[in-house]
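What follows is the content of entry_39.txt (compact mmCIF, C-alpha atoms and all ligand atoms).
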```
# COMPACT_ATOMS: atom_id res chain seq x y z
CA MET A 1 -81.92 59.72 -57.03
CA ARG A 2 -78.40 58.46 -57.66
CA ILE A 3 -76.33 55.37 -58.30
CA LEU A 4 -72.86 54.89 -56.83
CA ASP A 5 -70.42 52.19 -57.83
CA GLU A 6 -67.13 51.04 -56.38
CA LYS A 7 -64.79 48.07 -56.59
CA PHE A 8 -65.82 45.46 -53.99
CA ALA A 9 -63.32 42.64 -54.61
CA GLU A 10 -61.84 40.33 -57.24
CA HIS A 11 -63.17 36.88 -58.14
CA ASN A 12 -60.97 34.58 -60.29
CA GLY A 13 -59.04 37.65 -61.44
CA GLN A 14 -62.21 39.52 -62.45
CA PRO A 15 -63.29 42.71 -60.64
CA VAL A 16 -66.44 42.51 -58.53
CA THR A 17 -68.31 45.82 -58.37
CA ALA A 18 -70.76 47.07 -55.73
CA TYR A 19 -73.63 49.30 -56.92
CA THR A 20 -75.69 51.42 -54.53
CA LEU A 21 -79.11 52.75 -55.53
CA ILE A 22 -80.15 55.77 -53.42
CA ASN A 23 -83.59 57.37 -53.69
CA ASP A 24 -84.73 60.85 -52.60
CA GLN A 25 -86.06 59.44 -49.27
CA GLY A 26 -82.58 58.19 -48.36
CA MET A 27 -83.41 54.49 -48.88
CA GLU A 28 -80.37 52.58 -50.16
CA VAL A 29 -80.02 49.20 -51.86
CA THR A 30 -76.49 47.87 -52.42
CA ALA A 31 -75.80 44.87 -54.65
CA ILE A 32 -72.69 43.27 -56.19
CA ASP A 33 -72.41 41.71 -59.66
CA TYR A 34 -71.21 38.41 -58.11
CA GLY A 35 -74.48 36.46 -57.77
CA CYS A 36 -76.50 39.72 -57.98
CA ILE A 37 -76.08 39.57 -54.18
CA ILE A 38 -77.96 42.25 -52.23
CA THR A 39 -75.47 43.14 -49.50
CA LYS A 40 -77.41 45.92 -47.75
CA ILE A 41 -80.82 47.62 -47.69
CA LEU A 42 -81.14 50.78 -45.56
CA VAL A 43 -84.68 51.86 -44.62
CA PRO A 44 -86.01 54.04 -41.75
CA ASP A 45 -87.67 52.86 -38.53
CA ARG A 46 -90.64 54.75 -37.06
CA GLU A 47 -88.21 57.37 -35.64
CA GLY A 48 -86.58 57.85 -39.05
CA ARG A 49 -83.37 55.97 -38.14
CA MET A 50 -81.84 54.51 -41.32
CA GLU A 51 -80.60 50.97 -40.54
CA ASN A 52 -79.74 47.84 -42.52
CA VAL A 53 -82.50 45.20 -42.75
CA VAL A 54 -80.77 42.30 -44.54
CA LEU A 55 -78.04 39.77 -43.67
CA GLY A 56 -74.90 40.54 -45.65
CA PHE A 57 -71.13 40.95 -45.58
CA ASP A 58 -68.57 43.59 -46.59
CA THR A 59 -66.01 41.15 -48.05
CA LEU A 60 -66.23 38.50 -50.79
CA GLU A 61 -64.20 36.12 -48.62
CA ASP A 62 -67.02 36.15 -46.05
CA TYR A 63 -69.50 35.23 -48.79
CA TYR A 64 -67.21 32.38 -49.90
CA GLN A 65 -66.75 31.07 -46.36
CA HIS A 66 -70.05 31.66 -44.59
CA SER A 67 -72.95 32.67 -46.82
CA PRO A 68 -75.98 30.32 -47.15
CA TYR A 69 -77.12 32.31 -50.22
CA PHE A 70 -77.40 35.66 -48.34
CA GLY A 71 -79.03 38.12 -50.76
CA ALA A 72 -78.27 36.04 -53.85
CA VAL A 73 -80.20 35.36 -57.04
CA VAL A 74 -80.64 31.58 -57.01
CA GLY A 75 -81.04 29.43 -60.14
CA ARG A 76 -81.25 27.96 -62.81
CA HIS A 77 -83.69 26.09 -60.54
CA ALA A 78 -84.15 27.30 -56.95
CA GLY A 79 -85.13 24.78 -54.28
CA ARG A 80 -84.52 21.07 -54.21
CA ILE A 81 -84.81 18.55 -57.05
CA ALA A 82 -85.12 14.96 -55.77
CA ASN A 83 -82.22 12.62 -56.63
CA ALA A 84 -80.62 15.52 -58.59
CA GLU A 85 -82.23 14.40 -61.83
CA PHE A 86 -85.20 15.13 -64.06
CA THR A 87 -86.51 13.91 -67.41
CA LEU A 88 -87.60 16.10 -70.31
CA ASP A 89 -88.94 14.60 -73.56
CA GLY A 90 -87.43 11.23 -72.69
CA ASN A 91 -83.96 12.66 -71.88
CA THR A 92 -82.82 12.29 -68.26
CA TYR A 93 -80.54 15.07 -66.97
CA GLN A 94 -78.15 14.46 -64.08
CA LEU A 95 -77.54 17.48 -61.84
CA GLU A 96 -75.03 18.12 -59.08
CA LYS A 97 -75.89 16.21 -55.88
CA ASN A 98 -75.01 19.13 -53.60
CA ASN A 99 -77.50 18.47 -50.79
CA ASN A 100 -77.93 14.98 -49.27
CA GLY A 101 -77.96 13.31 -52.69
CA ASN A 102 -80.43 15.85 -54.04
CA HIS A 103 -79.89 19.03 -56.06
CA LEU A 104 -80.23 22.41 -54.30
CA HIS A 105 -80.35 25.97 -55.65
CA GLY A 106 -78.82 25.45 -59.09
CA GLY A 107 -75.78 23.41 -58.01
CA LEU A 108 -72.21 24.15 -56.92
CA GLN A 109 -71.75 27.05 -59.40
CA GLY A 110 -75.30 28.28 -59.64
CA PHE A 111 -76.45 31.82 -60.47
CA ASP A 112 -75.33 32.93 -56.97
CA LYS A 113 -71.67 32.18 -57.68
CA VAL A 114 -71.04 33.75 -61.09
CA ILE A 115 -70.28 37.33 -62.13
CA TRP A 116 -73.11 38.94 -64.08
CA ASP A 117 -72.65 41.67 -66.69
CA THR A 118 -74.21 44.94 -65.55
CA GLU A 119 -75.69 48.11 -66.92
CA VAL A 120 -77.06 50.94 -64.74
CA LYS A 121 -79.93 53.15 -65.89
CA GLU A 122 -81.54 56.30 -64.47
CA GLU A 123 -85.15 57.15 -65.33
CA THR A 124 -87.13 60.16 -64.09
CA ASP A 125 -88.67 58.36 -61.09
CA SER A 126 -86.58 55.21 -60.75
CA ILE A 127 -83.01 53.93 -60.96
CA ARG A 128 -81.97 50.41 -61.80
CA ILE A 129 -79.23 47.87 -62.32
CA GLU A 130 -79.64 45.41 -65.19
CA PHE A 131 -77.75 42.15 -64.68
CA THR A 132 -77.32 39.68 -67.57
CA TYR A 133 -75.77 36.21 -67.71
CA LEU A 134 -75.59 33.43 -70.29
CA ALA A 135 -75.98 30.03 -68.61
CA ARG A 136 -74.49 27.64 -71.15
CA ASP A 137 -76.04 24.40 -72.40
CA GLY A 138 -74.99 21.67 -69.93
CA GLU A 139 -73.92 24.15 -67.19
CA GLU A 140 -74.62 22.45 -63.85
CA GLY A 141 -76.26 19.66 -65.91
CA TYR A 142 -79.15 21.75 -67.31
CA PRO A 143 -80.05 21.71 -71.03
CA GLY A 144 -80.16 24.84 -73.20
CA ASN A 145 -78.20 28.08 -73.57
CA LEU A 146 -80.28 30.29 -71.24
CA HIS A 147 -79.97 34.08 -71.59
CA MET A 148 -80.98 35.50 -68.21
CA LYS A 149 -81.69 39.12 -67.27
CA VAL A 150 -82.38 40.32 -63.71
CA VAL A 151 -83.33 43.95 -63.03
CA TYR A 152 -83.13 45.63 -59.59
CA GLU A 153 -85.17 48.85 -59.63
CA LEU A 154 -85.73 51.41 -56.85
CA ASN A 155 -88.30 54.22 -56.97
CA ASN A 156 -89.07 57.16 -54.69
CA GLN A 157 -91.92 55.35 -52.90
CA ASN A 158 -89.37 53.03 -51.16
CA GLU A 159 -90.43 50.20 -53.49
CA PHE A 160 -87.69 47.82 -54.66
CA LYS A 161 -88.66 45.66 -57.64
CA ILE A 162 -86.87 42.57 -58.97
CA SER A 163 -87.76 41.47 -62.50
CA TYR A 164 -86.46 38.27 -64.10
CA GLU A 165 -86.46 37.31 -67.77
CA GLY A 166 -85.01 34.25 -69.51
CA VAL A 167 -85.03 32.61 -72.91
CA SER A 168 -83.38 29.33 -73.97
CA ASP A 169 -82.47 27.76 -77.32
CA LYS A 170 -83.65 24.36 -76.00
CA LYS A 171 -86.45 23.15 -73.74
CA THR A 172 -85.16 23.52 -70.18
CA VAL A 173 -86.26 24.24 -66.61
CA VAL A 174 -86.20 27.66 -64.90
CA ASN A 175 -87.26 28.66 -61.39
CA VAL A 176 -85.34 31.72 -60.18
CA THR A 177 -85.68 33.66 -56.94
CA ASN A 178 -83.81 36.00 -54.61
CA HIS A 179 -82.63 34.52 -51.33
CA THR A 180 -82.37 37.63 -49.16
CA TYR A 181 -82.60 37.12 -45.38
CA PHE A 182 -84.63 40.01 -43.97
CA ASN A 183 -84.38 41.30 -40.36
CA LEU A 184 -86.50 44.44 -39.84
CA SER A 185 -85.13 45.16 -36.32
CA GLY A 186 -82.31 47.17 -37.91
CA ASP A 187 -78.61 46.27 -37.96
CA LEU A 188 -79.49 42.81 -36.57
CA LYS A 189 -80.35 44.27 -33.12
CA GLU A 190 -82.79 41.37 -32.53
CA ASP A 191 -83.57 38.00 -34.14
CA ILE A 192 -86.75 37.57 -36.22
CA LEU A 193 -88.74 35.44 -33.74
CA HIS A 194 -90.93 38.41 -32.79
CA HIS A 195 -91.54 39.51 -36.37
CA THR A 196 -95.20 39.14 -37.43
CA LEU A 197 -95.87 37.53 -40.81
CA MET A 198 -99.18 37.67 -42.65
CA LEU A 199 -99.38 35.31 -45.61
CA LYS A 200 -102.50 34.77 -47.72
CA SER A 201 -101.96 31.03 -48.17
CA SER A 202 -104.31 28.20 -47.17
CA ARG A 203 -102.02 25.33 -48.28
CA PHE A 204 -98.34 24.45 -47.85
CA LEU A 205 -96.15 21.63 -49.13
CA GLU A 206 -95.47 18.66 -46.88
CA LEU A 207 -91.73 17.85 -46.79
CA ASP A 208 -89.95 14.56 -46.15
CA GLU A 209 -86.86 14.09 -43.95
CA GLU A 210 -84.62 15.38 -46.76
CA LEU A 211 -86.88 18.48 -47.09
CA ILE A 212 -88.09 17.21 -50.46
CA PRO A 213 -91.81 17.81 -51.18
CA THR A 214 -93.84 14.60 -50.79
CA GLY A 215 -96.35 15.95 -53.32
CA GLU A 216 -99.00 16.50 -50.61
CA LEU A 217 -100.49 19.97 -50.20
CA LEU A 218 -101.51 20.33 -46.54
CA SER A 219 -104.18 22.68 -45.19
CA VAL A 220 -102.88 25.37 -42.82
CA ASP A 221 -106.17 25.25 -40.83
CA SER A 222 -105.61 25.04 -37.04
CA THR A 223 -101.82 24.72 -37.47
CA PRO A 224 -98.79 27.02 -36.86
CA PHE A 225 -98.67 27.29 -40.68
CA ASP A 226 -101.80 29.48 -40.72
CA PHE A 227 -100.48 33.02 -41.28
CA ARG A 228 -103.67 34.30 -42.89
CA SER A 229 -104.45 36.73 -40.06
CA GLY A 230 -100.82 37.22 -38.94
CA ARG A 231 -98.62 35.15 -36.64
CA LYS A 232 -95.27 35.59 -34.87
CA ILE A 233 -92.39 33.53 -36.25
CA LYS A 234 -91.61 32.18 -32.74
CA ASP A 235 -94.74 29.99 -33.01
CA GLY A 236 -92.85 27.79 -35.47
CA LYS A 237 -89.89 27.43 -33.16
CA GLU A 238 -92.10 26.48 -30.19
CA SER A 239 -94.43 24.24 -32.23
CA ALA A 240 -94.86 20.49 -31.74
CA HIS A 241 -96.17 20.14 -35.33
CA PRO A 242 -94.09 17.39 -37.01
CA GLN A 243 -93.40 19.60 -40.04
CA ASN A 244 -91.98 22.42 -37.85
CA ILE A 245 -89.82 19.91 -35.99
CA LEU A 246 -88.66 18.25 -39.22
CA ALA A 247 -87.57 21.68 -40.57
CA GLY A 248 -85.34 22.17 -37.52
CA ASN A 249 -87.88 23.86 -35.20
CA GLY A 250 -89.15 26.49 -37.54
CA TYR A 251 -90.25 26.88 -41.14
CA ASP A 252 -88.53 25.83 -44.38
CA HIS A 253 -91.67 25.32 -46.43
CA PRO A 254 -93.19 26.32 -49.77
CA PHE A 255 -96.63 27.95 -49.43
CA LEU A 256 -99.06 28.11 -52.34
CA LEU A 257 -100.37 31.70 -52.45
CA ASP A 258 -104.17 32.05 -52.63
CA GLU A 259 -104.90 33.56 -56.03
CA GLN A 260 -108.17 35.16 -54.88
CA GLN A 261 -106.38 37.00 -52.05
CA ASN A 262 -104.04 39.03 -54.34
CA LYS A 263 -101.22 36.81 -53.03
CA GLU A 264 -100.21 39.33 -50.37
CA ILE A 265 -97.21 38.78 -48.03
CA HIS A 266 -96.67 41.21 -45.12
CA LEU A 267 -93.79 41.19 -42.62
CA PHE A 268 -93.92 43.57 -39.64
CA ASP A 269 -91.63 44.34 -36.70
CA GLU A 270 -93.51 46.02 -33.80
CA GLU A 271 -90.33 47.18 -32.03
CA SER A 272 -88.94 49.22 -34.93
CA GLY A 273 -92.25 49.87 -36.70
CA ARG A 274 -90.77 48.66 -39.99
CA SER A 275 -93.11 46.99 -42.45
CA LEU A 276 -92.40 45.06 -45.65
CA VAL A 277 -95.21 44.21 -48.08
CA ILE A 278 -94.28 41.83 -50.90
CA GLU A 279 -96.29 41.40 -54.07
CA THR A 280 -95.33 38.78 -56.62
CA SER A 281 -96.26 37.27 -59.97
CA GLU A 282 -95.20 33.85 -58.64
CA PRO A 283 -97.58 31.10 -57.45
CA ALA A 284 -95.61 30.28 -54.28
CA VAL A 285 -93.23 31.54 -51.61
CA VAL A 286 -90.71 29.51 -49.63
CA LEU A 287 -90.67 30.64 -45.99
CA TYR A 288 -87.32 29.85 -44.38
CA THR A 289 -86.65 31.13 -40.86
CA SER A 290 -82.89 30.41 -40.91
CA ASN A 291 -83.30 27.45 -38.56
CA GLN A 292 -80.06 25.99 -39.97
CA LEU A 293 -78.01 29.22 -39.92
CA GLU A 294 -74.73 28.12 -38.35
CA ALA A 295 -73.04 29.79 -35.40
CA GLY A 296 -69.33 30.62 -35.34
CA PHE A 297 -68.91 33.65 -37.56
CA SER A 298 -69.66 37.36 -37.43
CA ILE A 299 -72.16 39.22 -39.60
CA ARG A 300 -70.96 42.84 -39.48
CA GLY A 301 -70.18 42.38 -35.78
CA THR A 302 -73.25 40.30 -34.86
CA ALA A 303 -72.58 36.66 -33.91
CA SER A 304 -74.31 34.36 -36.42
CA ARG A 305 -77.07 32.21 -34.98
CA GLU A 306 -80.35 30.60 -35.96
CA TYR A 307 -83.46 32.75 -36.49
CA LEU A 308 -81.37 35.84 -37.36
CA GLY A 309 -83.08 36.27 -40.74
CA ILE A 310 -86.28 35.36 -42.57
CA CYS A 311 -86.34 34.38 -46.25
CA LEU A 312 -89.45 34.87 -48.37
CA GLU A 313 -88.37 33.30 -51.66
CA THR A 314 -91.11 33.97 -54.21
CA GLN A 315 -90.99 31.28 -56.94
CA GLY A 316 -92.65 28.21 -58.45
CA LEU A 317 -92.99 25.06 -56.35
CA PRO A 318 -89.73 23.16 -55.73
CA ASP A 319 -89.34 19.71 -57.33
CA SER A 320 -92.27 20.42 -59.65
CA LEU A 321 -90.49 18.28 -62.27
CA ASN A 322 -91.27 15.22 -60.19
CA HIS A 323 -94.81 16.35 -59.29
CA PRO A 324 -96.91 16.97 -62.43
CA GLN A 325 -99.74 18.36 -60.24
CA PHE A 326 -97.51 21.36 -59.33
CA PRO A 327 -97.21 24.50 -61.53
CA SER A 328 -94.53 23.63 -64.08
CA ALA A 329 -90.94 24.97 -64.20
CA ILE A 330 -90.50 23.75 -67.79
CA LEU A 331 -89.54 26.46 -70.31
CA ASP A 332 -89.98 25.62 -73.99
CA LYS A 333 -87.41 26.55 -76.64
CA ASP A 334 -87.65 30.33 -77.35
CA GLU A 335 -90.42 30.74 -74.72
CA VAL A 336 -89.81 33.81 -72.49
CA TYR A 337 -89.65 33.20 -68.73
CA THR A 338 -90.78 36.28 -66.76
CA SER A 339 -91.22 36.89 -63.03
CA GLN A 340 -91.57 40.00 -60.89
CA THR A 341 -91.55 40.65 -57.14
CA VAL A 342 -91.96 44.06 -55.47
CA TYR A 343 -90.74 44.77 -51.92
CA LYS A 344 -92.52 47.81 -50.42
CA PHE A 345 -90.90 49.20 -47.25
CA SER A 346 -92.60 51.58 -44.81
CA SER A 347 -92.68 52.32 -41.07
CA LYS A 348 -95.47 53.22 -38.64
C1 LIG A 401 -81.15 25.06 -45.99
O1 LIG A 401 -83.25 23.91 -46.18
C2 LIG A 401 -82.65 25.20 -46.21
C3 LIG A 401 -82.93 25.83 -47.54
O2 LIG A 401 -84.33 26.05 -47.69
C4 LIG A 401 -82.19 27.17 -47.63
O3 LIG A 401 -82.45 27.75 -48.89
C5 LIG A 401 -80.70 26.92 -47.44
O4 LIG A 401 -80.48 26.31 -46.18
C6 LIG A 401 -79.93 28.23 -47.46
O5 LIG A 401 -80.64 24.12 -46.87
```
Encoded form (structure tokens):
Amino acid sequence: MRILDEKFAEHNGQPVTAYTLINDQGMEVTAIDYGCIITKILVPDREGRMENVVLGFDTLEDYYQHSPYFGAVVGRHAGRIANAEFTLDGNTYQLEKNNNGNHLHGGLQGFDKVIWDTEVKEETDSIRIEFTYLARDGEEGYPGNLHMKVVYELNNQNEFKISYEGVSDKKTVVNVTNHTYFNLSGDLKEDILHHTLMLKSSRFLELDEELIPTGELLSVDSTPFDFRSGRKIKDGKESAHPQNILAGNGYDHPFLLDEQQNKEIHLFDEESGRSLVIETSEPAVVLYTSNQLEAGFSIRGTASREYLGICLETQGLPDSLNHPQFPSAILDKDEVYTSQTVYKFSSK
């Protein structure tokens, strides 16, 4: 196993470095310290062809100009917060209104747009990059100096693990995820409409016109939201269900994972034979099928278009601050926030 590093770009006069983790099977994960962005993941198809399975760019300028959070760590609070405000212990905090008057993905300079400090470490059967960042009290409107650590770890079983840890000197809110867009066809040969997703979830969050949770948990029974025995993503595009239409003819929804079903998430592409199994400590996953991915730019030579990637953002439930019945995103002073998600790649 080995770790390579090279200069990727400069951001505000600071160097941006790309790190590549390579295991003994030839799997590669490349990430930059700007936003902890995963720019490439190379895994084999059933014939052993190593191809890239995520949406990413080779220049920082492309990320500035075109990236809807491709590969990025998103926080302090991923997802939407209604009216860009929340109240903690009687104090109301105003956040950036960066999405139709609401707050989205940590604001204009969220975790995805800052340079993280890095340390690389090699163990006997795994290699990892440790990213750290101090989000200051009042940054993007959030209370508390929050010390964040994100670890990307690759082992020799083609398992890529992301671990998050945070501690704040004041009560605050934390809900962090990774916003990678997967496409198992390899080098974006196809879109993701024929990918099969299996998701052990019997309830999903109803959204309003601004994609803010209404607070209602809807049953997936007899709907295109039932992925419990596997379903092709195209069903959401072709669906007449009002929630699929509202999301832009697809999915953009948080799903509550069924605790008693070991919260398994499985994405499979028949054509290439590539399989991704995701296991998480988190109570929910946001399924976004890039319905709003704009056209008009190139992603390593592939014309951008909707349905080119699928996001499976493991996390708490968005807007939980305004819905006490949801699992809470509140982090007490000196309490340690922890979260882990493992991405297991294979082919058959
Ligand atoms: C759109 O509604 C979607 C979000 O879920 C997604 O995270 C973002 O694009 C990148 O706003």
Given a cut-off of 7 Å, what residues near ligand LIG 401 (chain A) show up using all atoms listed in the file, put as a count of residues only?
7
May I ask for the distance between CA of Glu270 in chain A and CA of Thr180 in chain A, given in Å to one decimal place?
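CA of Thr180 in chain A lies at a distance of 20.7 Å from CA of Glu270 in chain A.
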Considering only C-alpha atoms, give me a table of residues in range 176-241 of chain A that are at most 10 Å from range 94-114 of chain A, with the closest atom pair and distance in Å for each, as a Markdown table.
```
| residue | atom | partner | partner_atom | distance |
| --- | --- | --- | --- | --- |
| A:Val176 | CA | A:His105 | CA | 8.9 |
| A:Thr177 | CA | A:His105 | CA | 9.4 |
| A:Asn178 | CA | A:Asp112 | CA | 9.3 |
| A:His179 | CA | A:Asp112 | CA | 9.4 |
| A:Glu210 | CA | A:Asn100 | CA | 7.2 |
| A:Leu211 | CA | A:Asn102 | CA | 9.8 |
| A:Ile212 | CA | A:Asn102 | CA | 8.6 |
```
What are the nearest atom pairs, with distances in Å to one decimal, for all residues of range 233-324 of chain A that come at most 10 Å from range 49-53 of chain A, using all atoms listed in the file, set out by chain and rising residue number as JSON lines?
```
{"residue": "A:Ser272", "atom": "CA", "partner": "A:Arg49", "partner_atom": "CA", "distance": 9.3}
{"residue": "A:Arg274", "atom": "CA", "partner": "A:Val53", "partner_atom": "CA", "distance": 9.4}
{"residue": "A:Gly309", "atom": "CA", "partner": "A:Val53", "partner_atom": "CA", "distance": 9.2}
```
Atoms kept (C-alpha atoms) for selection, written as an mmCIF file, in the coordinates of the input:
```
data_model
loop_
_atom_site.group_PDB
_atom_site.id
_atom_site.type_symbol
_atom_site.label_atom_id
_atom_site.label_comp_id
_atom_site.auth_asym_id
_atom_site.auth_seq_id
_atom_site.Cartn_x
_atom_site.Cartn_y
_atom_site.Cartn_z
ATOM 1 C CA SER A 272 -88.940 49.220 -34.930
ATOM 2 C CA ARG A 274 -90.770 48.660 -39.990
ATOM 3 C CA GLY A 309 -83.080 36.270 -40.740
#
```
How far is it from CA of Tyr19 in chain A to CA of Lys161 in chain A, in Å with one decimal?
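These atoms are spaced 15.5 Å apart.
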Rank nothing, just name the residue among A:Asp269, A:Glu10, A:Glu139, A:Glu335 nearest to Tyr34 in chain A, using all atoms listed in the file.
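Checking each of A:Asp269, A:Glu10, A:Glu139, A:Glu335 against Tyr34 in chain A, counting all atoms listed in the file, the winner is A:Glu10.
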Best match for closeness to Gly166 in chain A among A:Ala82, A:Ile115, A:Gly75, A:Phe326, counting only C-alpha atoms:
A:Gly75
